[in-house]
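Quick notes on the structure that follows.
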Amino acid sequence: MSYLLAVVLFGAPYIRATTTGQSITILDSSQVDSYTPYTYYASAGYCNATQTLSWDCGTNCDANSDFIPIASGGNGDSVQYWYVGYDPSLGTVIVAHQGTDPSDILPLLTDADFFLTNLDSSLFPGISSDIEVHIGFKDAQALTAPDVLAAVQTTLSKYGSTTITLVGHSLGAAISLLDSVYLSLHLPPGAILRTITYGLPRVGNQAFANYVDANLHLTHINNKEDPIPICPGMSLGFVHPAGEVHVEDSDEWAACPGQDNPSTQCTVGDVPTILEGNESDHDGPYNGIEMGC
């Protein structure tokens, strides 16, 4: 993608960040390795619904061999693939969504549909009208929301779990983040949600980022000079929630406190413009794992 085209689609980024005064910390090897099962689950989001329902998708499925699939859907075109199931080793329900496949034009067009809009009150009851999100991401999430909720409710009931972990890469990361907001409004108060994403674009405005920070547990992992996490630009009113982990060129994983941390150890400081990004970093590797089925 050329820089000029990217500016047209996503807006020119500028530095405006909210930090907490906390120091950036480097994750140790055991902390990095703890994300590996979730990275494979996110990568499996690219596999078709038949593969994930039978849990027969090669390396991505073999890496979490005891996973029990419950439901899957999507067509990989107008509706992103998704799946829901239970991991008995981790003791959590898993929800995963397909990311942006460069070979499929429709998800790319969805990504370019960048205008901010309110969430649908029928899906997000009681959510503040101050909260606005990317209209394309909102529409993509709405297509599968009722089916995902039903599958999560079934899995929670069947396995007696109270923990749900949502994963996704790229567009799938954005859908999973919106799903975490959605599910938190529809599941019992005792439900515990955790969201782990890779190459997450900015999803909403300042009010959205503040809401996520106050109500959810998000970790968004960005790889080296991946330009997608700086899109859409902050000049368009988009802001990342806190929870960034940035994979540096040294392969160290840096935990970056605050929203859109401007340190050069974090994505906003390391990739100040799309021109300085490297699209090949978007798919990984994340601790040796490349996204895709």
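Chain identifiers are assigned as A, B, and so on, following the order in which chains appear in the structure tokens; residues are numbered from 1 within each chain, and ligands are numbered from 1 in order of appearance.
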
Surrounding residues of Asp281 (chain A) excluding itself and chain neighbours under 6 positions, 8 Å, only C-alpha atoms, as a PDB file with C-alpha atoms, in the first residue's frame:
ATOM      1  CA  ASN A 223       5.043  -6.919  15.843  1.00  0.00           C
ATOM      2  CA  LYS A 224       8.037  -4.688  15.106  1.00  0.00           C
ATOM      3  CA  GLU A 225       7.255  -2.132  12.355  1.00  0.00           C
ATOM      4  CA  ASP A 226       3.744  -3.385  11.575  1.00  0.00           C
TER       5      ASP A 226
END

Give me the region 152-238 of chain A side of the contact with region 258-273 of chain A, cut-off 12 Å, one line per residue showing its nearest atom pair and distance in Å at one decimal, counting only C-alpha atoms, sorted by chain and residue number, as JSON lines.
{"residue": "A:Gly199", "atom": "CA", "partner": "A:Thr267", "partner_atom": "CA", "distance": 10.3}
{"residue": "A:Leu200", "atom": "CA", "partner": "A:Thr267", "partner_atom": "CA", "distance": 11.1}
{"residue": "A:Pro201", "atom": "CA", "partner": "A:Thr267", "partner_atom": "CA", "distance": 11.4}
{"residue": "A:Arg202", "atom": "CA", "partner": "A:Asp260", "partner_atom": "CA", "distance": 9.7}
{"residue": "A:Asn205", "atom": "CA", "partner": "A:Gln259", "partner_atom": "CA", "distance": 11.5}
{"residue": "A:Gln206", "atom": "CA", "partner": "A:Gln259", "partner_atom": "CA", "distance": 9.4}
{"residue": "A:Ala207", "atom": "CA", "partner": "A:Gln259", "partner_atom": "CA", "distance": 11.9}
{"residue": "A:Phe208", "atom": "CA", "partner": "A:Gln259", "partner_atom": "CA", "distance": 11.5}
{"residue": "A:Ala209", "atom": "CA", "partner": "A:Gln259", "partner_atom": "CA", "distance": 7.9}
{"residue": "A:Asn210", "atom": "CA", "partner": "A:Gln259", "partner_atom": "CA", "distance": 9.0}
{"residue": "A:Val212", "atom": "CA", "partner": "A:Gln259", "partner_atom": "CA", "distance": 10.9}
{"residue": "A:Asp213", "atom": "CA", "partner": "A:Gln259", "partner_atom": "CA", "distance": 9.1}
{"residue": "A:Leu218", "atom": "CA", "partner": "A:Gln259", "partner_atom": "CA", "distance": 11.7}
{"residue": "A:Thr219", "atom": "CA", "partner": "A:Gly258", "partner_atom": "CA", "distance": 11.7}
{"residue": "A:His220", "atom": "CA", "partner": "A:Thr267", "partner_atom": "CA", "distance": 10.9}
{"residue": "A:Ile221", "atom": "CA", "partner": "A:Thr267", "partner_atom": "CA", "distance": 9.7}
{"residue": "A:Asn222", "atom": "CA", "partner": "A:Thr267", "partner_atom": "CA", "distance": 7.0}
{"residue": "A:Asn223", "atom": "CA", "partner": "A:Thr267", "partner_atom": "CA", "distance": 8.3}
{"residue": "A:Lys224", "atom": "CA", "partner": "A:Thr267", "partner_atom": "CA", "distance": 7.4}
{"residue": "A:Glu225", "atom": "CA", "partner": "A:Val271", "partner_atom": "CA", "distance": 5.9}
{"residue": "A:Asp226", "atom": "CA", "partner": "A:Val271", "partner_atom": "CA", "distance": 7.7}
{"residue": "A:Pro227", "atom": "CA", "partner": "A:Val271", "partner_atom": "CA", "distance": 6.7}
{"residue": "A:Ile228", "atom": "CA", "partner": "A:Val271", "partner_atom": "CA", "distance": 9.9}
{"residue": "A:Pro229", "atom": "CA", "partner": "A:Thr267", "partner_atom": "CA", "distance": 7.4}
{"residue": "A:Ile230", "atom": "CA", "partner": "A:Val268", "partner_atom": "CA", "distance": 6.6}
{"residue": "A:Cys231", "atom": "CA", "partner": "A:Thr273", "partner_atom": "CA", "distance": 9.5}
{"residue": "A:Pro232", "atom": "CA", "partner": "A:Thr273", "partner_atom": "CA", "distance": 11.2}
{"residue": "A:Gly233", "atom": "CA", "partner": "A:Thr273", "partner_atom": "CA", "distance": 9.2}
{"residue": "A:Met234", "atom": "CA", "partner": "A:Asp260", "partner_atom": "CA", "distance": 9.3}
{"residue": "A:Phe238", "atom": "CA", "partner": "A:Asp260", "partner_atom": "CA", "distance": 10.2}

Could you give me, as a PyMOL selection string, the residues within 9 Å of His186 (chain A), counting only C-alpha atoms and dropping anything in the same chain fewer than 2 positions from it? chain A and resi 123-125+149+182-184+188-189

Closest contacts (region 125-168 of chain A/region 26-42 of chain A, max 9 Å, only C-alpha atoms) as JSON lines:
{"residue": "A:Thr165", "atom": "CA", "partner": "A:Tyr38", "partner_atom": "CA", "distance": 8.6}
{"residue": "A:Leu166", "atom": "CA", "partner": "A:Ala42", "partner_atom": "CA", "distance": 8.8}
{"residue": "A:Val167", "atom": "CA", "partner": "A:Ala42", "partner_atom": "CA", "distance": 5.3}
{"residue": "A:Gly168", "atom": "CA", "partner": "A:Ala42", "partner_atom": "CA", "distance": 4.6}

Written selection (C-alpha atoms) as an mmCIF file, in the first residue's frame:
data_model
loop_
_atom_site.group_PDB
_atom_site.id
_atom_site.type_symbol
_atom_site.label_atom_id
_atom_site.label_comp_id
_atom_site.auth_asym_id
_atom_site.auth_seq_id
_atom_site.Cartn_x
_atom_site.Cartn_y
_atom_site.Cartn_z
ATOM 1 C CA THR A 165 -10.723 -15.568 26.151
ATOM 2 C CA LEU A 166 -11.199 -13.729 22.863
ATOM 3 C CA VAL A 167 -8.450 -13.743 20.250
ATOM 4 C CA GLY A 168 -7.897 -12.410 16.765
#

When you look at Trp55 (chain A) with a cut-off of 9 Å (counting only C-alpha atoms), what residues show up, excluding the ones that are within fewer than 5 positions of it in the same chain? I need them as JSON, numbers by chain. {"A": [50, 61, 62, 65, 67, 68, 69]}

With all heavy atoms retained, could you export that selection as a PDB file, in the first residue's frame?
ATOM      1  N   THR A  50     -15.418 -25.405   8.466  1.00  0.00           N
ATOM      2  CA  THR A  50     -15.403 -26.868   8.518  1.00  0.00           C
ATOM      3  C   THR A  50     -14.166 -27.369   9.239  1.00  0.00           C
ATOM      4  O   THR A  50     -14.230 -28.297  10.064  1.00  0.00           O
ATOM      5  CB  THR A  50     -15.443 -27.449   7.093  1.00  0.00           C
ATOM      6  OG1 THR A  50     -16.643 -27.009   6.441  1.00  0.00           O
ATOM      7  CG2 THR A  50     -15.409 -28.966   7.115  1.00  0.00           C
ATOM      8  N   CYS A  61      -4.130 -26.225  14.815  1.00  0.00           N
ATOM      9  CA  CYS A  61      -4.985 -27.073  15.655  1.00  0.00           C
ATOM     10  C   CYS A  61      -4.147 -28.036  16.488  1.00  0.00           C
ATOM     11  O   CYS A  61      -4.446 -28.272  17.663  1.00  0.00           O
ATOM     12  CB  CYS A  61      -5.968 -27.850  14.784  1.00  0.00           C
ATOM     13  SG  CYS A  61      -7.251 -26.816  14.021  1.00  0.00           S
ATOM     14  N   ASP A  62      -3.099 -28.581  15.888  1.00  0.00           N
ATOM     15  CA  ASP A  62      -2.252 -29.528  16.618  1.00  0.00           C
ATOM     16  C   ASP A  62      -1.612 -28.893  17.843  1.00  0.00           C
ATOM     17  O   ASP A  62      -1.349 -29.573  18.848  1.00  0.00           O
ATOM     18  CB  ASP A  62      -1.157 -30.074  15.700  1.00  0.00           C
ATOM     19  CG  ASP A  62      -1.701 -30.925  14.570  1.00  0.00           C
ATOM     20  OD1 ASP A  62      -2.866 -31.368  14.670  1.00  0.00           O
ATOM     21  OD2 ASP A  62      -0.969 -31.145  13.588  1.00  0.00           O
ATOM     22  N   SER A  65      -4.139 -29.372  20.951  1.00  0.00           N
ATOM     23  CA  SER A  65      -4.789 -30.605  20.495  1.00  0.00           C
ATOM     24  C   SER A  65      -5.988 -31.026  21.334  1.00  0.00           C
ATOM     25  O   SER A  65      -6.831 -31.791  20.867  1.00  0.00           O
ATOM     26  CB  SER A  65      -3.770 -31.745  20.444  1.00  0.00           C
ATOM     27  OG  SER A  65      -3.196 -31.960  21.727  1.00  0.00           O
ATOM     28  N   PHE A  67      -8.307 -29.003  22.443  1.00  0.00           N
ATOM     29  CA  PHE A  67      -9.411 -28.052  22.258  1.00  0.00           C
ATOM     30  C   PHE A  67     -10.671 -28.783  21.814  1.00  0.00           C
ATOM     31  O   PHE A  67     -10.630 -29.696  20.986  1.00  0.00           O
ATOM     32  CB  PHE A  67      -9.028 -27.014  21.209  1.00  0.00           C
ATOM     33  CG  PHE A  67     -10.103 -26.010  20.890  1.00  0.00           C
ATOM     34  CD1 PHE A  67     -10.432 -25.016  21.796  1.00  0.00           C
ATOM     35  CD2 PHE A  67     -10.774 -26.054  19.676  1.00  0.00           C
ATOM     36  CE1 PHE A  67     -11.414 -24.076  21.504  1.00  0.00           C
ATOM     37  CE2 PHE A  67     -11.760 -25.120  19.375  1.00  0.00           C
ATOM     38  CZ  PHE A  67     -12.082 -24.131  20.290  1.00  0.00           C
ATOM     39  N   ILE A  68     -11.819 -28.347  22.359  1.00  0.00           N
ATOM     40  CA  ILE A  68     -13.114 -28.955  22.036  1.00  0.00           C
ATOM     41  C   ILE A  68     -13.961 -27.917  21.310  1.00  0.00           C
ATOM     42  O   ILE A  68     -14.475 -26.975  21.927  1.00  0.00           O
ATOM     43  CB  ILE A  68     -13.831 -29.419  23.311  1.00  0.00           C
ATOM     44  CG1 ILE A  68     -12.934 -30.375  24.107  1.00  0.00           C
ATOM     45  CG2 ILE A  68     -15.157 -30.089  22.954  1.00  0.00           C
ATOM     46  CD1 ILE A  68     -13.414 -30.616  25.532  1.00  0.00           C
ATOM     47  N   PRO A  69     -14.118 -28.038  19.998  1.00  0.00           N
ATOM     48  CA  PRO A  69     -14.917 -27.050  19.266  1.00  0.00           C
ATOM     49  C   PRO A  69     -16.409 -27.217  19.541  1.00  0.00           C
ATOM     50  O   PRO A  69     -16.901 -28.337  19.701  1.00  0.00           O
ATOM     51  CB  PRO A  69     -14.590 -27.348  17.798  1.00  0.00           C
ATOM     52  CG  PRO A  69     -14.191 -28.796  17.790  1.00  0.00           C
ATOM     53  CD  PRO A  69     -13.545 -29.071  19.115  1.00  0.00           C
TER      54      PRO A  69
END

At a cut-off of 12 Å, using only C-alpha atoms, what residues contact His134 (chain A)? Leave out same-chain residues fewer than 3 positions from it and give the result as a PyMOL selection string. chain A and resi 10+110-119+131+137-141+171+174-175+177-178+201-205+208+231-233+236-239

Export of prior selection with N, CA and C atoms as a compact mmCIF listing (two decimals), in the first residue's frame:
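Just written: out.txt:
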# COMPACT_ATOMS: atom_id res chain seq x y z
N PHE A 10 -6.77 5.93 5.91
CA PHE A 10 -6.68 5.83 7.34
C PHE A 10 -6.42 7.15 8.05
N THR A 110 -13.67 -3.40 4.01
CA THR A 110 -14.20 -3.17 5.35
C THR A 110 -13.21 -2.37 6.17
N ASP A 111 -11.93 -2.73 6.09
CA ASP A 111 -10.92 -2.00 6.84
C ASP A 111 -10.86 -0.53 6.43
N ALA A 112 -11.11 -0.24 5.16
CA ALA A 112 -11.00 1.12 4.66
C ALA A 112 -12.21 1.98 5.02
N ASP A 113 -13.26 1.35 5.53
CA ASP A 113 -14.50 2.05 5.88
C ASP A 113 -14.35 2.60 7.30
N PHE A 114 -13.67 3.75 7.42
CA PHE A 114 -13.08 4.13 8.70
C PHE A 114 -13.88 5.09 9.54
N PHE A 115 -15.08 5.48 9.15
CA PHE A 115 -15.79 6.52 9.88
C PHE A 115 -16.22 6.05 11.26
N LEU A 116 -16.20 6.98 12.22
CA LEU A 116 -16.65 6.68 13.58
C LEU A 116 -18.16 6.79 13.68
N THR A 117 -18.76 5.88 14.45
CA THR A 117 -20.21 5.87 14.63
C THR A 117 -20.54 5.28 15.98
N ASN A 118 -21.74 5.51 16.46
CA ASN A 118 -22.19 4.92 17.72
C ASN A 118 -22.44 3.43 17.59
N LEU A 119 -22.33 2.72 18.69
CA LEU A 119 -22.67 1.30 18.72
C LEU A 119 -24.18 1.14 18.71
N ILE A 131 -19.44 6.94 23.19
CA ILE A 131 -18.56 5.92 22.63
C ILE A 131 -18.84 5.76 21.15
N PHE A 137 -15.77 -2.02 11.31
CA PHE A 137 -15.57 -3.03 12.34
C PHE A 137 -16.89 -3.31 13.06
N LYS A 138 -17.66 -2.27 13.33
CA LYS A 138 -18.95 -2.44 13.99
C LYS A 138 -19.86 -3.34 13.16
N ASP A 139 -19.94 -3.09 11.86
CA ASP A 139 -20.81 -3.89 11.00
C ASP A 139 -20.33 -5.33 10.89
N ALA A 140 -19.02 -5.54 10.83
CA ALA A 140 -18.47 -6.90 10.74
C ALA A 140 -18.78 -7.68 12.02
N GLN A 141 -18.66 -7.04 13.17
CA GLN A 141 -18.94 -7.72 14.43
C GLN A 141 -20.42 -8.06 14.56
N LEU A 171 -8.11 -7.52 11.32
CA LEU A 171 -9.56 -7.29 11.39
C LEU A 171 -10.19 -8.19 12.44
N ALA A 174 -9.95 -6.62 15.80
CA ALA A 174 -10.95 -5.56 16.02
C ALA A 174 -12.31 -6.16 16.35
N ILE A 175 -12.70 -7.21 15.63
CA ILE A 175 -13.99 -7.86 15.90
C ILE A 175 -13.98 -8.45 17.30
N LEU A 177 -12.25 -7.52 19.90
CA LEU A 177 -12.34 -6.47 20.92
C LEU A 177 -13.78 -5.99 21.07
N LEU A 178 -14.47 -5.78 19.95
CA LEU A 178 -15.88 -5.39 20.04
C LEU A 178 -16.72 -6.51 20.65
N PRO A 201 -5.78 -2.91 14.79
CA PRO A 201 -5.94 -1.51 14.38
C PRO A 201 -6.70 -0.74 15.46
N ARG A 202 -6.65 0.57 15.39
CA ARG A 202 -7.47 1.36 16.32
C ARG A 202 -8.95 1.13 15.99
N VAL A 203 -9.73 0.93 17.04
CA VAL A 203 -11.13 0.53 16.86
C VAL A 203 -12.10 1.66 17.15
N GLY A 204 -11.79 2.52 18.11
CA GLY A 204 -12.76 3.53 18.51
C GLY A 204 -12.12 4.81 18.99
N ASN A 205 -12.95 5.67 19.55
CA ASN A 205 -12.51 6.99 19.98
C ASN A 205 -11.99 6.96 21.42
N PHE A 208 -14.26 5.25 23.88
CA PHE A 208 -14.20 3.79 23.73
C PHE A 208 -12.95 3.23 24.42
N CYS A 231 -3.20 2.58 12.43
CA CYS A 231 -4.35 2.93 11.60
C CYS A 231 -5.64 2.53 12.31
N PRO A 232 -6.72 3.29 12.08
CA PRO A 232 -6.78 4.63 11.50
C PRO A 232 -6.02 5.64 12.37
N GLY A 233 -5.64 6.73 11.77
CA GLY A 233 -4.82 7.72 12.44
C GLY A 233 -5.52 8.41 13.59
N LEU A 236 -7.93 11.29 13.07
CA LEU A 236 -9.33 11.00 12.75
C LEU A 236 -10.16 10.73 13.99
N GLY A 237 -9.52 10.85 15.16
CA GLY A 237 -10.26 10.67 16.41
C GLY A 237 -10.17 9.28 17.00
N PHE A 238 -9.31 8.42 16.47
CA PHE A 238 -9.17 7.05 16.96
C PHE A 238 -8.07 6.97 18.02
N VAL A 239 -8.31 6.14 19.05
CA VAL A 239 -7.36 5.98 20.15
C VAL A 239 -7.31 4.51 20.55

Enumerate the residues of region 71-243 of chain A with a DSSP assignment of alpha helix (DSSP H), computed from the backbone, and present them as a PyMOL selection string. chain A and resi 105-112+135-159+171-186+206-215

Could you go through region 126-285 of chain A and tell me which residues DSSP, when run on the backbone, assigns to strand (DSSP E or B), listing them as a ChimeraX atom specification? /A:132-134,163-169,192-198,204,218-223,239,244-247,253-256,259

How many Å lie between CA of Thr197 (chain A) and CA of Ala173 (chain A), rounded to one decimal? 5.1 Å

Find the spatial neighbours of Ser23 (chain A), counting only C-alpha atoms, within a cut-off of 10 Å - ignore same-chain residues fewer than 6 positions away - and output them as a ChimeraX atom specification. /A:255-257

Store the residues picked out above in a file with N, CA, C and O atoms, as a PDB file, in the first residue's frame.
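This went into again_2.pdb:
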ATOM      1  N   ALA A 255       6.251  -4.431  27.379  1.00  0.00           N
ATOM      2  CA  ALA A 255       4.923  -4.048  27.850  1.00  0.00           C
ATOM      3  C   ALA A 255       4.881  -2.535  27.975  1.00  0.00           C
ATOM      4  O   ALA A 255       5.644  -1.938  28.747  1.00  0.00           O
ATOM      5  N   CYS A 256       3.997  -1.902  27.188  1.00  0.00           N
ATOM      6  CA  CYS A 256       3.937  -0.445  27.069  1.00  0.00           C
ATOM      7  C   CYS A 256       2.715   0.085  27.813  1.00  0.00           C
ATOM      8  O   CYS A 256       1.577  -0.104  27.356  1.00  0.00           O
ATOM      9  N   PRO A 257       2.898   0.754  28.942  1.00  0.00           N
ATOM     10  CA  PRO A 257       1.744   1.246  29.701  1.00  0.00           C
ATOM     11  C   PRO A 257       1.058   2.424  29.003  1.00  0.00           C
ATOM     12  O   PRO A 257       1.675   3.154  28.226  1.00  0.00           O
TER      13      PRO A 257
END

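Taking CA of Ser43 (chain A) and CA of His169 (chain A) as the two end points, the separation is 7.3 Å.
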
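Taking only C-alpha atoms into account, Thr154 (chain A) lies nearest to A:Val93 out of the set A:Val181, A:Val93, A:Val133, A:Ala49.
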
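The gap separating CA of Ile94 (chain A) from CA of Glu290 (chain A) is 19.5 Å, in Å to one decimal.
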
Considering only C-alpha atoms, return as a PyMOL selection string whatever protein or nucleic-acid residues lie within 7 Å of Leu193 (chain A), sequence-local ones (same chain, fewer than 6 positions apart) excluded. chain A and resi 163-165+180+216-217

Taking only C-alpha atoms into account, name the residue in A:Thr162, A:Glu248, A:Leu275, A:Leu90 that is nearest to Gly190 (chain A).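 For Gly190 (chain A), the nearest of the candidates is A:Thr162.
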
The residue from A:Glu279, A:Asp87, A:Asp249, A:Glu244 with the smallest atom-to-atom distance to Thr25 (chain A), counting only C-alpha atoms, is A:Glu244
